[in-house]
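Q: Right, I'll just put the structure down here and ask away after.
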Amino acid sequence: MIEIETASPGAVSEQAVLAALRTVSDPELDESLVELGFVDRVRVDGSAVEIVLRLPTFWCAPNFAYLMAVDAREAALRVPGVRQVHVALKDHMYSDEITTGISAGQKFDEVFPGQADGDDVSELRALFHGKAFGMRQEQLARFLLDAGLTAGEVVGLHLEDVLDATNASGLRLQIGGQPRLLRGGAPLARAYLERRRRVGLDQSGRAPLITDRDGRAVAADELSEYLQCGRRQRISMTFNAVMCKGLLETRYDLQGGGQRPT
Amino acid sequence: MYRTADGEEIFVVDGHVHFWDGSPGNQRNRYAEGWVECFYNYHKNLSPAEYVWPLEQYQRYSESQMMKDLFEDGYVDVAIFQPTYLRDFFTNGWNTTEQDAVLKAKYPDKFILNSAWDPRDEAAGLKEFEDKVKRYGIKGVKLYTAEWKGDSRGYKLFDPWARKYFDKCVELGVTNIHIHKGPTIWPFNKDAFDVGDVDDCATLYRDAGLRFIVEHCGLPRVEDFCWIAAQEPNVYGGLAVVMPFIHASPHYFAEVLAEMLWWLGPDRLIFSSDYALWSPKWIIDKFMAFEFPQDILDKRAVTLTLEDKKKILGLNAAKLYDLPVPSKAGFQVAVTA
C-alpha cells in the first residue's frame, strides 16, 4: 500500500499527485510506477510534494532509476498548485547521489560523470519507448490475426480505419470499407496508439497502423516474421516484469502487491 | 542420474553451480551486503516455499548440504563450478577457483572446476590464469563482464587485453567460455550485459575451437541473444535463471524455451540450477514432467522429445567437457561446434 500523508490539506491533493505519477512508466517494464508498487510514499505539504520511490533491488541500474525519478518529478511539477517537488530513492546503492542530483535538477552524466551512454537519460528513454512500441504493436496485430483478419487486411489498415478504440464493447475498425466490431480489442489498441504517438511517427489518417519504428509499412508476406521480433521483445520485457515484481514483493514483504504473469 | 517411470536413466550435468561465502565476516562493504540480499531475494522469489532457506544458511552453506542437494537428492552426476570473484565486495572473494578446488580435490569425479579471468588484470592476470589452468587442469572459464574493479564498472569481450586472454585459452585448450550475460545483479551501465560483444568473439574464435556459453541466455535481452546464436554455431544457451521459471511462471518458461529451441535447437542448450540460487531436484522433476501448452505450439512449431530433454539435462554439457556418459544413458549427440 502506498502511504499518503497530507500535512495541510488544501491547495494540492495527494490524489492529484498520484494520478500524475500513474502516467510515469518504468521504461523496461512499460508499466506505471504506481501499478508496479515503486511509489513508496507521497507527502503533500502546501505546495510542496515529497515522493519516495523504492525499487526491486539494491542494484537496479542507476540510469533507469534516474530516468524514473526525473520523470516522477516532472509529472508532479505539472500538477496545478505544486511548486516544489522532492524525490527520494530509498534502499539503493546510489540513493544519496540520485536523491541529491534529482533535487538539484542535474542531468545523469553530471551526477555520474563518464558513466552515461549518451549525454543524458533521454536516449535511453527513446530506446525503450521504441521497444514498448514494438511489443504493444505485436499484441495488437496478433489480436487482429486471431480475430480472423488476414495478414493483408492487417497491414492494409490505416490510422483512420480505427473508428473507435474507446468503447467497452470492442474495437471498431473499418476493413475494406466495411465497419467491423472486434470484441475485446479496444484496450490493446488504445495502449498501442498511445505509445505510437510517443515515438513520433506520422499521425495522419492515411499513415499505416502497423509500421516499423521508422514508420515504414510492413508487407503482408513479411508480417509473420516481423511479429516474431516483437514477440522476442515482449519475452524480454515479461522477464523483467516477472523478476522485478517478484523481487519487490519479496524485498518489501508485500502480499500480492504485484500481479505475477502465469 | 534421473530415472524415468519406465526405468530409463538420464545422465545429468548441472552446468552452473557455486560454493560461495557470503557470510558477514567475508563482506567488505555495503555492496557485499546488497549483493547477498539481492541473491537471496532471487532464491526466495522463484523457489517453491519448501525449498527456501533461512538467510544465514544461504550466506554460507556447508559442504554436506551441497553434496546432498546436488548428488543425493538432485539427480546430478557431474556439476560445473563457475567462479565469480568479486574481490571488491568480498575479502576472500565470493566464489573463487581456489575455494571450489577444495571440493574438486575431495570429489574429483563429481565436479568440473572452471576458472575465470579478467582482462583488466592484464599481464599479471594472464600469468596467474595460465598457472591455474596448469595446476587444476581447467577446461572452461566463467567471465563476468559487469564485475566492478576499482573505478571500472565492467569490460567488453573485445577489449584488447581480452583478446590476449582468449588467445591464451586457445593455446591452453580452455575451450568453454561461459559468459554471464543476464540479470542477477545489474551493471552500472546498461551495455555491460549487452550480448553484442559475444558475436564478435564467437566469429573470431570459431575456427580455433572456442565455444561461448551465454549464461542466462542473455535474458533480459533475449532478442539480441537469439539473433547472435542463430548466426554463430559455437554459441550456446546456458539455462541458469531460465529454469526456475518453470515453477513460478510456467507459461512464461514455455514461451522462452520455445524461442530457444526455435533458434538454437536442442543441441545447444545447457541445463543449470545456478545452485545455491536454486536447487536442482525440483527443477529437474518439473522439467521431466514438462510439455508445451498448445497455445505456444500454435505460435512456434517446436518439439521437446525425451531425447531432447536428455541432451539439455546432460549430454550437451558432457560433449563440451568430454565427460564419459554411462552407456545406458547415452546416445549419439550431433556435433555442432
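Going through the C-alpha cells in order, the chains are called A, B, and so on, while each chain numbers its residues from 1 and the ligands are numbered from 1 in the order shown.
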Excluding same-chain residues fewer than 5 positions from segment 209-212 of chain A, what lies within 7 Å of it counting only C-alpha atoms, as a PyMOL selection string?

A: chain A and resi 155+157-159+217-218

Q: So which bits of segment 6-213 of chain B end up alpha helix (DSSP H) when you DSSP the backbone, as a ChimeraX atom specification?

A: /B:30-46,55-59,63-67,97-106,122-136,160-172,196-204

Q: Here is a test: counting only C-alpha atoms, which residue of B:Phe90, B:Phe71, B:Tyr58, B:Phe11 is nearest to Asn29 of chain B?

A: B:Phe90

Q: Within 6 Å of chain A, which residues of chain B are there when counting only C-alpha atoms? Please give them as JSON, numbers by chain.

A: {"B": [34, 45, 186, 188, 220, 221, 222, 223, 249, 251]}

Q: Rounded to one decimal, what separation in Å do you get between atom CA of Tyr66 of chain A and atom CA of Glu97 of chain A?

A: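 Distance between the two atoms: 9.8 Å.
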
Q: Just the residues within 8 Å of segment 255-263 of chain B, please, counting only C-alpha atoms, with nothing from its chain fewer than 2 positions along; format it as a list in words.

A: Arg232 and Ile235 of chain A; Cys226, Trp227, Ala229, Ala230, Gly237, Val242, His251, Tyr252, Phe253, Gly265, Pro266, Leu269, Ile296, Arg300, Ala301 and Val302 of chain B

Q: Okay, now the selection with C-alpha atoms, as a PDB file, in the first residue's frame?

A:
```pdb
ATOM      1  CA  ARG A 232      11.064 -11.566 -28.555  1.00  0.00           C
ATOM      2  CA  ILE A 235       9.603 -12.075 -23.876  1.00  0.00           C
TER       3      ILE A 235
ATOM      4  CA  CYS B 226      18.646 -15.319 -30.289  1.00  0.00           C
ATOM      5  CA  TRP B 227      19.862 -13.361 -33.251  1.00  0.00           C
ATOM      6  CA  ALA B 229      23.013 -17.591 -31.535  1.00  0.00           C
ATOM      7  CA  ALA B 230      21.317 -18.181 -34.859  1.00  0.00           C
ATOM      8  CA  GLY B 237      22.465 -21.031 -24.237  1.00  0.00           C
ATOM      9  CA  VAL B 242      15.671 -19.519 -17.017  1.00  0.00           C
ATOM     10  CA  HIS B 251       3.690 -20.466 -19.169  1.00  0.00           C
ATOM     11  CA  TYR B 252       6.395 -17.884 -19.495  1.00  0.00           C
ATOM     12  CA  PHE B 253       9.039 -20.594 -19.136  1.00  0.00           C
ATOM     13  CA  GLY B 265      17.723 -26.286 -31.328  1.00  0.00           C
ATOM     14  CA  PRO B 266      18.103 -28.943 -28.601  1.00  0.00           C
ATOM     15  CA  LEU B 269      21.072 -25.677 -24.575  1.00  0.00           C
ATOM     16  CA  ILE B 296       2.669 -21.971 -27.524  1.00  0.00           C
ATOM     17  CA  ARG B 300       6.078 -21.750 -32.619  1.00  0.00           C
ATOM     18  CA  ALA B 301       6.478 -25.105 -34.362  1.00  0.00           C
ATOM     19  CA  VAL B 302       8.843 -26.709 -31.849  1.00  0.00           C
TER      20      VAL B 302
END
```

Q: What does the distance from atom CA of Ala289 of chain B to atom CA of His247 of chain B come to in Å, to one decimal?

A: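 Distance between the two atoms: 11.7 Å.
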
Q: With only C-alpha atoms as the basis for distance, which of B:Val195, B:Ala123, B:Val174, B:Ala248 is at the shortest distance from Trp161 of chain B?

A: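 The closest residue to Trp161 of chain B is B:Ala123.
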
Q: Extract the full set of strand (DSSP E or B) residues from segment 49-178 of chain A according to DSSP on the backbone, and format it as an MDAnalysis selection string.

A: chainID A and resid 49:54 84:90 158 162:164 171:175 178

Q: Skip Ser47 of chain A itself and residues of its chain fewer than 4 positions away, then list as a list in words all residues within 10 Å of it, counting only C-alpha atoms.

A: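 That gives Ser8, Gly10, Ala11, Val12, Ser13, Leu77, Val79, Pro80, Gly81, Val82, Arg83, Gln84 and Val85 of chain A.
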
Q: Record the distance separating atom CA of Phe245 of chain B and atom CA of Leu36 of chain A, expressed in Å with one decimal.

A: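 Straight-line distance from atom CA of Phe245 of chain B to atom CA of Leu36 of chain A works out to 19.9 Å.
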